[in-house]
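Colleague: What follows is data-v5.cif; its format and atoms are mmCIF, C-alpha atoms.
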```cif
data_model
loop_
_atom_site.label_atom_id
_atom_site.label_comp_id
_atom_site.auth_asym_id
_atom_site.auth_seq_id
_atom_site.Cartn_x
_atom_site.Cartn_y
_atom_site.Cartn_z
CA MET A 7 -59.29 16.67 47.94
CA HIS A 8 -59.25 17.90 44.38
CA LYS A 9 -57.15 16.13 41.78
CA THR A 10 -55.18 18.26 39.32
CA LYS A 11 -56.40 17.50 35.83
CA GLY A 12 -53.58 16.79 33.38
CA PHE A 13 -53.41 16.20 29.67
CA THR A 14 -54.58 12.89 28.38
CA LEU A 15 -52.36 10.90 26.02
CA ILE A 16 -54.57 11.82 23.08
CA GLU A 17 -54.38 15.52 23.93
CA LEU A 18 -50.59 15.33 24.15
CA LEU A 19 -50.41 13.60 20.79
CA VAL A 20 -52.61 16.29 19.27
CA VAL A 21 -50.36 19.04 20.68
CA ILE A 22 -47.25 17.28 19.36
CA ALA A 23 -48.87 16.86 15.94
CA ILE A 24 -49.77 20.57 15.82
CA ILE A 25 -46.21 21.57 16.78
CA ALA A 26 -44.79 19.23 14.12
CA LEU A 27 -47.16 20.72 11.53
CA LEU A 28 -46.14 24.27 12.47
CA MET A 29 -42.46 23.34 12.28
CA SER A 30 -42.93 21.79 8.84
CA ILE A 31 -44.43 25.09 7.70
CA LEU A 32 -42.02 27.43 9.48
CA VAL A 33 -38.70 25.73 8.65
CA PRO A 34 -39.01 26.17 4.85
CA VAL A 35 -40.23 29.74 5.38
CA LEU A 36 -37.24 30.52 7.58
CA SER A 37 -34.89 28.90 5.07
CA MET A 38 -36.37 31.01 2.29
CA ALA A 39 -36.01 34.14 4.41
CA LYS A 40 -32.35 33.34 5.12
CA GLU A 41 -31.69 32.79 1.42
CA LYS A 42 -33.30 36.11 0.59
CA VAL A 43 -30.94 37.79 3.05
CA ARG A 44 -27.98 36.02 1.46
CA VAL A 45 -29.11 37.15 -2.00
CA VAL A 46 -29.39 40.75 -0.79
CA LEU A 47 -25.89 40.60 0.73
CA CYS A 48 -24.42 39.01 -2.40
CA TYR A 49 -26.17 41.60 -4.56
CA LYS A 50 -24.64 44.32 -2.39
CA ASN A 51 -21.18 42.73 -2.74
CA VAL A 52 -21.32 42.66 -6.54
CA LYS A 53 -22.75 46.18 -6.65
CA THR A 54 -19.86 47.43 -4.52
CA LEU A 55 -17.30 45.59 -6.64
CA ALA A 56 -18.79 47.08 -9.80
CA MET A 57 -18.53 50.55 -8.30
CA VAL A 58 -14.89 50.18 -7.22
CA TRP A 59 -14.10 48.67 -10.64
CA LEU A 60 -15.37 51.92 -12.16
CA MET A 61 -13.48 53.99 -9.59
CA TYR A 62 -10.24 52.29 -10.56
CA ILE A 63 -10.90 53.11 -14.21
CA ASP A 64 -11.54 56.75 -13.35
CA ASP A 65 -8.32 56.95 -11.34
CA ASN A 66 -6.21 55.28 -14.05
CA GLY A 67 -7.01 57.18 -17.19
CA GLY A 68 -9.69 54.80 -18.43
CA LEU A 69 -7.57 51.65 -18.16
CA LEU A 70 -9.39 48.49 -17.06
CA VAL A 71 -7.97 46.67 -14.07
CA GLY A 72 -6.25 43.39 -14.92
CA ALA A 73 -8.26 40.15 -14.95
CA ASP A 74 -5.57 37.64 -15.96
CA GLY A 75 -5.36 34.88 -13.37
CA ARG A 76 -2.40 32.97 -14.83
CA GLN A 77 0.44 34.83 -13.18
CA TYR A 78 1.26 37.25 -10.38
CA ARG A 79 1.20 40.78 -11.78
CA GLU A 80 0.72 44.01 -9.87
CA GLU A 81 -2.10 45.20 -12.14
CA GLU A 82 -4.45 42.30 -11.32
CA TRP A 83 -7.71 43.14 -9.54
CA ALA A 84 -7.28 40.24 -7.09
CA HIS A 85 -4.43 37.78 -7.14
CA ASN A 86 -4.94 34.03 -7.41
CA VAL A 87 -1.39 32.85 -6.85
CA ARG A 88 1.56 33.58 -4.62
CA PRO A 89 4.27 35.99 -5.85
CA ASN A 90 6.34 32.96 -6.90
CA GLY A 91 3.51 31.79 -9.17
CA THR A 92 2.35 28.82 -7.08
CA ARG A 93 -1.28 28.38 -6.14
CA CYS A 94 -2.64 29.60 -2.81
CA SER A 95 -3.75 26.54 -0.86
CA THR A 96 -5.59 27.86 2.21
CA PRO A 97 -8.42 30.37 2.71
CA GLU A 98 -6.01 32.56 4.67
CA GLU A 99 -3.58 32.68 1.74
CA MET A 100 -6.45 33.41 -0.64
CA MET A 101 -7.65 36.27 1.53
CA ASN A 102 -4.13 37.69 1.61
CA ALA A 103 -3.97 37.34 -2.17
CA ILE A 104 -7.13 39.44 -2.45
CA LYS A 105 -5.51 42.10 -0.30
CA THR A 106 -2.59 42.41 -2.72
CA GLY A 107 -4.93 43.09 -5.67
CA MET A 108 -5.51 46.51 -7.19
CA LEU A 109 -9.13 46.83 -6.05
CA TYR A 110 -8.46 46.15 -2.37
CA ASP A 111 -7.43 49.76 -1.77
CA TYR A 112 -10.96 50.71 -2.85
CA LEU A 113 -12.76 47.90 -1.00
CA LYS A 114 -11.03 46.67 2.16
CA ASP A 115 -13.90 44.56 3.46
CA ILE A 116 -12.67 41.03 2.75
CA LYS A 117 -16.16 39.60 3.22
CA ALA A 118 -17.35 41.58 0.21
CA TYR A 119 -15.37 39.24 -2.04
CA ARG A 120 -17.37 36.17 -1.00
CA CYS A 121 -21.05 35.33 -1.47
CA PRO A 122 -22.70 34.35 1.87
CA SER A 123 -24.05 31.24 0.12
CA ASP A 124 -20.55 30.18 -0.92
CA HIS A 125 -19.18 27.70 1.63
CA ARG A 126 -16.34 26.29 -0.47
CA TYR A 127 -13.72 27.79 1.84
CA LYS A 128 -14.86 25.33 4.51
CA ASN A 129 -14.03 22.37 2.25
CA THR A 130 -10.60 20.81 2.01
CA PRO A 131 -9.12 21.32 -1.47
CA GLY A 132 -9.30 18.01 -3.30
CA SER A 133 -10.88 16.33 -6.27
CA ILE A 134 -13.59 18.97 -6.84
CA PRO A 135 -12.15 22.09 -8.52
CA GLY A 136 -12.86 25.17 -6.47
CA ASP A 137 -13.10 23.51 -3.06
CA GLY A 138 -11.17 25.54 -0.50
CA GLU A 139 -11.61 28.72 -2.54
CA TYR A 140 -12.54 31.88 -0.62
CA ARG A 141 -13.38 34.38 -3.35
CA SER A 142 -16.75 33.92 -5.08
CA TYR A 143 -16.52 36.51 -7.84
CA VAL A 144 -14.48 36.65 -11.01
CA ILE A 145 -14.17 39.15 -13.86
CA ALA A 146 -15.10 38.36 -17.45
CA ASP A 147 -12.07 37.42 -19.50
CA GLY A 148 -12.91 40.06 -22.09
CA MET A 149 -12.36 42.84 -19.56
CA ASN A 150 -8.55 42.99 -19.76
CA GLY A 151 -8.13 39.29 -19.11
CA LEU A 152 -6.51 36.43 -21.04
CA SER A 153 -5.36 37.76 -24.40
CA GLN A 154 -4.64 34.40 -26.01
CA ARG A 155 -8.31 33.43 -26.23
CA THR A 156 -10.16 33.51 -29.53
CA ASN A 157 -11.79 36.82 -28.55
CA ASP A 158 -9.46 39.73 -27.81
CA PRO A 159 -10.15 41.49 -24.48
CA TYR A 160 -10.87 45.16 -24.01
CA LYS A 161 -8.16 47.24 -22.37
CA ARG A 162 -9.85 50.62 -21.92
CA TYR A 163 -13.33 51.66 -20.87
CA LEU A 164 -13.87 53.91 -23.89
CA GLU A 165 -13.60 50.81 -26.10
CA LEU A 166 -16.89 49.55 -24.66
CA LYS A 167 -19.63 50.69 -27.01
CA ARG A 168 -22.55 49.75 -24.77
CA PRO A 169 -21.29 49.14 -21.22
CA ALA A 170 -24.81 48.56 -19.89
CA GLU A 171 -25.00 45.41 -22.03
CA LEU A 172 -21.62 43.92 -21.09
CA PHE A 173 -21.10 42.01 -17.84
CA VAL A 174 -17.95 42.29 -15.74
CA PHE A 175 -18.46 40.26 -12.55
CA VAL A 176 -19.75 36.68 -12.41
CA GLU A 177 -20.27 34.26 -9.54
CA GLU A 178 -18.12 31.19 -10.17
CA ARG A 179 -18.29 27.72 -8.58
CA PHE A 180 -15.79 25.44 -10.29
CA LYS A 181 -12.42 26.03 -11.95
CA GLU A 182 -11.09 24.64 -15.20
CA ASP A 183 -7.60 24.44 -13.71
CA VAL A 184 -5.66 25.84 -10.77
CA PHE A 185 -4.96 29.17 -12.48
CA GLN A 186 -8.42 29.79 -13.92
CA GLN A 187 -9.59 31.88 -10.98
CA GLY A 188 -9.30 35.45 -12.16
CA ALA A 189 -11.22 35.53 -15.42
CA TRP A 190 -14.41 33.87 -16.69
CA HIS A 191 -14.83 33.26 -20.41
CA ILE A 192 -16.83 31.82 -23.30
CA ASP A 193 -15.02 30.83 -26.48
CA ASN A 194 -18.06 30.90 -28.79
CA GLN A 195 -21.86 31.08 -28.81
CA ASN A 196 -22.31 27.31 -28.80
CA LYS A 197 -20.06 26.22 -25.96
CA TRP A 198 -19.83 26.86 -22.22
CA CYS A 199 -16.31 27.17 -20.83
CA GLY A 200 -16.25 28.81 -17.40
CA ASN A 201 -18.62 27.47 -14.74
CA MET A 202 -21.13 29.77 -13.04
CA ALA A 203 -22.36 29.41 -9.47
CA LEU A 204 -26.03 28.51 -8.99
CA TRP A 205 -26.18 29.24 -5.27
CA HIS A 206 -29.34 31.34 -5.49
CA ASN A 207 -31.90 28.76 -6.60
CA ASN A 208 -30.47 28.35 -10.11
CA ARG A 209 -29.81 32.08 -10.37
CA THR A 210 -26.54 33.96 -10.73
CA ILE A 211 -25.73 37.57 -9.86
CA LEU A 212 -23.99 39.51 -12.65
CA GLY A 213 -22.35 42.93 -12.43
CA PHE A 214 -22.33 45.07 -15.59
CA ALA A 215 -19.86 47.62 -16.92
CA ASP A 216 -22.18 50.57 -16.24
CA GLY A 217 -22.46 49.56 -12.58
CA HIS A 218 -25.92 47.97 -12.60
CA ILE A 219 -26.48 44.48 -11.17
CA GLU A 220 -28.72 41.64 -12.29
CA LEU A 221 -29.95 38.47 -10.59
CA HIS A 222 -30.47 36.26 -13.60
CA LYS A 223 -32.60 33.09 -13.60
CA TRP A 224 -31.39 30.17 -15.74
CA THR A 225 -34.14 28.24 -17.48
CA ASP A 226 -32.55 25.57 -19.67
CA LYS A 227 -32.04 22.21 -17.95
CA LYS A 228 -28.75 21.76 -19.83
CA THR A 229 -27.45 24.98 -18.29
CA ILE A 230 -28.26 23.81 -14.78
CA ALA A 231 -26.78 20.36 -15.39
CA TYR A 232 -23.53 21.77 -16.77
CA HIS A 233 -22.98 24.38 -14.07
CA SER A 234 -23.90 22.02 -11.25
CA LYS A 235 -20.77 19.91 -11.69
CA PRO A 236 -17.14 20.52 -12.67
CA GLY A 237 -15.84 19.78 -16.13
CA THR A 238 -15.85 21.29 -19.59
CA ASP A 239 -15.98 18.25 -21.86
CA ASP A 240 -17.68 18.75 -25.21
CA ALA A 241 -20.44 16.27 -24.36
CA THR A 242 -21.92 18.77 -21.90
CA SER A 243 -20.40 22.12 -22.87
CA MET A 244 -21.57 22.08 -26.51
CA GLN A 245 -25.13 23.43 -26.23
CA VAL A 246 -26.23 24.83 -29.57
CA GLY A 247 -29.37 26.96 -29.28
CA ASN A 248 -29.34 27.16 -25.48
CA PRO A 249 -31.08 30.48 -24.65
CA ASP A 250 -29.05 30.88 -21.45
CA LEU A 251 -25.78 30.48 -23.34
CA ASN A 252 -27.02 32.89 -26.00
CA TYR A 253 -27.85 35.41 -23.28
CA MET A 254 -24.32 35.27 -21.86
CA TRP A 255 -22.65 35.28 -25.27
CA GLU A 256 -24.53 38.40 -26.36
CA ARG A 257 -23.33 40.18 -23.21
CA TYR A 258 -19.83 38.74 -23.11
CA PRO A 259 -17.22 41.50 -23.65
CA ARG A 260 -15.17 40.82 -26.80
CA LYS A 261 -13.62 43.09 -29.36
CA GLY A 262 -15.30 43.00 -32.73
CA GLY A 263 -18.27 41.07 -31.43
CA ASN A 264 -20.24 43.62 -29.38
CA ARG A 265 -22.50 46.23 -30.87
#
```
Would you mind writing the structure in this file as structure tokens?
Modeller:
Amino acid sequence: MHKTKGFTLIELLVVIAIIALLMSILVPVLSMAKEKVRVVLCYKNVKTLAMVWLMYIDDNGGLLVGADGRQYREEEWAHNVRPNGTRCSTPEEMMNAIKTGMLYDYLKDIKAYRCPSDHRYKNTPGSIPGDGEYRSYVIADGMNGLSQRTNDPYKRYLELKRPAELFVFVEERFKEDVFQQGAWHIDNQNKWCGNMALWHNNRTILGFADGHIELHKWTDKKTIAYHSKPGTDDATSMQVGNPDLNYMWERYPRKGGNR
């Protein structure tokens, strides 16, 4: 009678060790592949938003769509508050607010307004500004946004001297306050104000006024530290000589300041 030969304990341990080694190699590779897919989808979202932003301008005599998030006005690209002026508090309300914006007629895919790496909508709104938010993208304040800032916003496309050098759309993570959801801004070349999202390995996708898109890598540790947590206190936002801040300031749309 022949006995069936099985694996010895040592052989089993070797097989388990090989499987564990393969898993340790494959899991990071799969994670990287998934992130690349998310970057591609986010890139596509911003590209589409940039195109419909230009379509709106073409259909409205060169007028830029509104980017003022303080109040409920028909001309806003995507609303941030209810018609009575109170803040939307659920992802469903936020999605409905997007649908009442001026760009929704051009882009009716609600998923295109959120980066696949942005999971804030799953979080309960609380102590961290931005938690519970559905929309990932905001428009630069200088593109027909908040007029009371130190830099006057553009109102019409023909006012933009070099649209290829001025960004429109930014990925945003945190909020300064409950109304600061429609427009992203910088007050001066030495101070961060709005927070950017760093979902793509310390990179942010930007959409420019000529329609081109850029995945920009941030290099200064102070940039990453500031945009990785909420808050705009001077201790962290004042960053004189930061090349990342200089990059954004040079491309920030503002009357009288752009070439």
Colleague: Specify as a list in words each residue included when the PyMOL selection byres ((chain A and resi 251) around 8) is applied to this file.
Modeller: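 Answer for the PyMOL selection byres ((chain A and resi 251) around 8): Gln195, Asn196, Lys197, Trp198, Thr229, Gln245, Gly247, Asn248, Pro249, Asp250, Asn252, Tyr253, Met254 and Trp255 of chain A.
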Colleague: Would you please work out which residue, of A:Leu28, A:Ile219, A:Met101, A:Cys199, is nearest to Met244 of chain A when using all atoms listed in the file?
Modeller: A:Cys199
Colleague: Within 6 Å of Cys121 of chain A, counting all atoms listed in the file, which residues show up once you throw out same-chain ones fewer than 3 positions away? Write them as a PyMOL selection string, please.
Modeller: chain A and resi 48+124+142
Colleague: Residues around (-9.6, 55.9, -19.2), cut-off 9 Å, counting all atoms listed in the file - what are they as a PyMOL selection string?
Modeller: chain A and resi 63-70+162-164
Colleague: Which value, in Å to one decimal, gives the distance between atom CA of Gly200 of chain A and atom CA of Pro236 of chain A?
Modeller: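 Between these atoms lies a distance of 9.6 Å.
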Colleague: Let me make sure I understand: among A:Val71, A:Leu113, A:Ile16, A:Ile24, which one has the smallest atom-to-atom distance to Lys53 of chain A if we use only C-alpha atoms?
Modeller: A:Leu113
Colleague: Mind giving me the axis-aligned box for segment 39-53 of chain A with 3 Å on every side, centre plus edges in Å to one decimal, as lines of an AutoDock Vina configuration file?
Modeller:
```
center_x = -28.6
center_y = 39.5
center_z = -0.8
size_x = 20.8
size_y = 19.4
size_z = 17.8
```
Colleague: Between A:Tyr258, A:Tyr119, A:Tyr49, A:Tyr112, which residue has the minimum interatomic distance to Asn157 of chain A, considering only C-alpha atoms?
Modeller: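 Comparing A:Tyr258, A:Tyr119, A:Tyr49, A:Tyr112 against Asn157 of chain A, the winner is A:Tyr258.
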Colleague: Please write the residues picked by the PyMOL selection byres ((chain A and resi 260) around 6) on this file as JSON, numbers by chain.
Modeller: {"A": [148, 157, 158, 159, 259, 261, 263]}
Colleague: For this structure, which residues satisfy the selection - the PyMOL selection byres ((chain A and resi 203) around 8) - when it is evaluated on the file as given? I want them as a PyMOL selection string.
Modeller: chain A and resi 177-180+201-202+204-205+209-210+233-234
Colleague: Give me, as a PyMOL selection string, all polymer residues having an atom no more than 12 Å from Pro131 of chain A, counting all atoms listed in the file and skipping those fewer than 3 positions away in the same chain.
Modeller: chain A and resi 93-97+126-128+134-140+180-181+184
Colleague: Please, could you write that set of residues out with C-alpha atoms as a PDB file, in the coordinates of the input?
Modeller:
```pdb
ATOM      1  CA  ARG A  93      -1.280  28.380  -6.140  1.00  0.00           C
ATOM      2  CA  CYS A  94      -2.640  29.600  -2.810  1.00  0.00           C
ATOM      3  CA  SER A  95      -3.750  26.540  -0.860  1.00  0.00           C
ATOM      4  CA  THR A  96      -5.590  27.860   2.210  1.00  0.00           C
ATOM      5  CA  PRO A  97      -8.420  30.370   2.710  1.00  0.00           C
ATOM      6  CA  ARG A 126     -16.340  26.290  -0.470  1.00  0.00           C
ATOM      7  CA  TYR A 127     -13.720  27.790   1.840  1.00  0.00           C
ATOM      8  CA  LYS A 128     -14.860  25.330   4.510  1.00  0.00           C
ATOM      9  CA  ILE A 134     -13.590  18.970  -6.840  1.00  0.00           C
ATOM     10  CA  PRO A 135     -12.150  22.090  -8.520  1.00  0.00           C
ATOM     11  CA  GLY A 136     -12.860  25.170  -6.470  1.00  0.00           C
ATOM     12  CA  ASP A 137     -13.100  23.510  -3.060  1.00  0.00           C
ATOM     13  CA  GLY A 138     -11.170  25.540  -0.500  1.00  0.00           C
ATOM     14  CA  GLU A 139     -11.610  28.720  -2.540  1.00  0.00           C
ATOM     15  CA  TYR A 140     -12.540  31.880  -0.620  1.00  0.00           C
ATOM     16  CA  PHE A 180     -15.790  25.440 -10.290  1.00  0.00           C
ATOM     17  CA  LYS A 181     -12.420  26.030 -11.950  1.00  0.00           C
ATOM     18  CA  VAL A 184      -5.660  25.840 -10.770  1.00  0.00           C
TER      19      VAL A 184
END
```
Colleague: Could you check the closest approach to Lys50 of chain A for each of A:Ala118, A:Met100, A:Met149, A:Ala231 and tell me which residue wins, using only C-alpha atoms?
Modeller: A:Ala118
Colleague: Could you check how far atom CA of Lys167 of chain A sits from atom CA of Glu256 of chain A, in Å to one decimal?
Modeller: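 Separation between atom CA of Lys167 of chain A and atom CA of Glu256 of chain A: 13.2 Å.
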Colleague: Please, could N, CA and C atoms be added to segment 154-173 of chain A and the result written as an mmCIF file, in the frame of the given file?
Modeller:
```cif
data_model
loop_
_atom_site.group_PDB
_atom_site.id
_atom_site.type_symbol
_atom_site.label_atom_id
_atom_site.label_comp_id
_atom_site.auth_asym_id
_atom_site.auth_seq_id
_atom_site.Cartn_x
_atom_site.Cartn_y
_atom_site.Cartn_z
ATOM 1 N N GLN A 154 -4.874 35.429 -25.024
ATOM 2 C CA GLN A 154 -4.640 34.400 -26.010
ATOM 3 C C GLN A 154 -5.917 33.682 -26.425
ATOM 4 N N ARG A 155 -7.045 34.058 -25.854
ATOM 5 C CA ARG A 155 -8.310 33.430 -26.230
ATOM 6 C C ARG A 155 -8.716 33.869 -27.640
ATOM 7 N N THR A 156 -9.736 33.216 -28.170
ATOM 8 C CA THR A 156 -10.160 33.510 -29.530
ATOM 9 C C THR A 156 -10.777 34.901 -29.655
ATOM 10 N N ASN A 157 -11.207 35.477 -28.532
ATOM 11 C CA ASN A 157 -11.790 36.820 -28.550
ATOM 12 C C ASN A 157 -10.895 37.770 -27.777
ATOM 13 N N ASP A 158 -10.372 38.798 -28.447
ATOM 14 C CA ASP A 158 -9.460 39.730 -27.810
ATOM 15 C C ASP A 158 -10.171 40.529 -26.715
ATOM 16 N N PRO A 159 -9.528 40.738 -25.576
ATOM 17 C CA PRO A 159 -10.150 41.490 -24.480
ATOM 18 C C PRO A 159 -10.038 42.996 -24.691
ATOM 19 N N TYR A 160 -10.957 43.705 -24.054
ATOM 20 C CA TYR A 160 -10.870 45.160 -24.010
ATOM 21 C C TYR A 160 -9.805 45.572 -23.004
ATOM 22 N N LYS A 161 -9.172 46.714 -23.277
ATOM 23 C CA LYS A 161 -8.160 47.240 -22.370
ATOM 24 C C LYS A 161 -8.605 48.545 -21.706
ATOM 25 N N ARG A 162 -9.421 49.311 -22.419
ATOM 26 C CA ARG A 162 -9.850 50.620 -21.920
ATOM 27 C C ARG A 162 -11.370 50.745 -21.947
ATOM 28 N N TYR A 163 -11.885 51.537 -21.016
ATOM 29 C CA TYR A 163 -13.330 51.660 -20.870
ATOM 30 C C TYR A 163 -13.978 52.287 -22.096
ATOM 31 N N LEU A 164 -13.303 53.234 -22.726
ATOM 32 C CA LEU A 164 -13.870 53.910 -23.890
ATOM 33 C C LEU A 164 -14.049 52.969 -25.076
ATOM 34 N N GLU A 165 -13.419 51.803 -25.043
ATOM 35 C CA GLU A 165 -13.600 50.810 -26.100
ATOM 36 C C GLU A 165 -14.957 50.129 -26.012
ATOM 37 N N LEU A 166 -15.590 50.203 -24.858
ATOM 38 C CA LEU A 166 -16.890 49.550 -24.660
ATOM 39 C C LEU A 166 -17.973 50.413 -25.287
ATOM 40 N N LYS A 167 -18.616 49.911 -26.312
ATOM 41 C CA LYS A 167 -19.630 50.690 -27.010
ATOM 42 C C LYS A 167 -20.909 50.832 -26.190
ATOM 43 N N ARG A 168 -21.324 49.745 -25.577
ATOM 44 C CA ARG A 168 -22.550 49.750 -24.770
ATOM 45 C C ARG A 168 -22.276 49.060 -23.437
ATOM 46 N N PRO A 169 -21.676 49.770 -22.494
ATOM 47 C CA PRO A 169 -21.290 49.140 -21.220
ATOM 48 C C PRO A 169 -22.453 48.548 -20.439
ATOM 49 N N ALA A 170 -23.647 49.079 -20.618
ATOM 50 C CA ALA A 170 -24.810 48.560 -19.890
ATOM 51 C C ALA A 170 -25.181 47.157 -20.347
ATOM 52 N N GLU A 171 -24.665 46.730 -21.486
ATOM 53 C CA GLU A 171 -25.000 45.410 -22.030
ATOM 54 C C GLU A 171 -23.867 44.410 -21.882
ATOM 55 N N LEU A 172 -22.773 44.808 -21.242
ATOM 56 C CA LEU A 172 -21.620 43.920 -21.090
ATOM 57 C C LEU A 172 -21.375 43.632 -19.610
ATOM 58 N N PHE A 173 -21.324 42.345 -19.243
ATOM 59 C CA PHE A 173 -21.100 42.010 -17.840
ATOM 60 C C PHE A 173 -19.617 41.997 -17.510
#
```
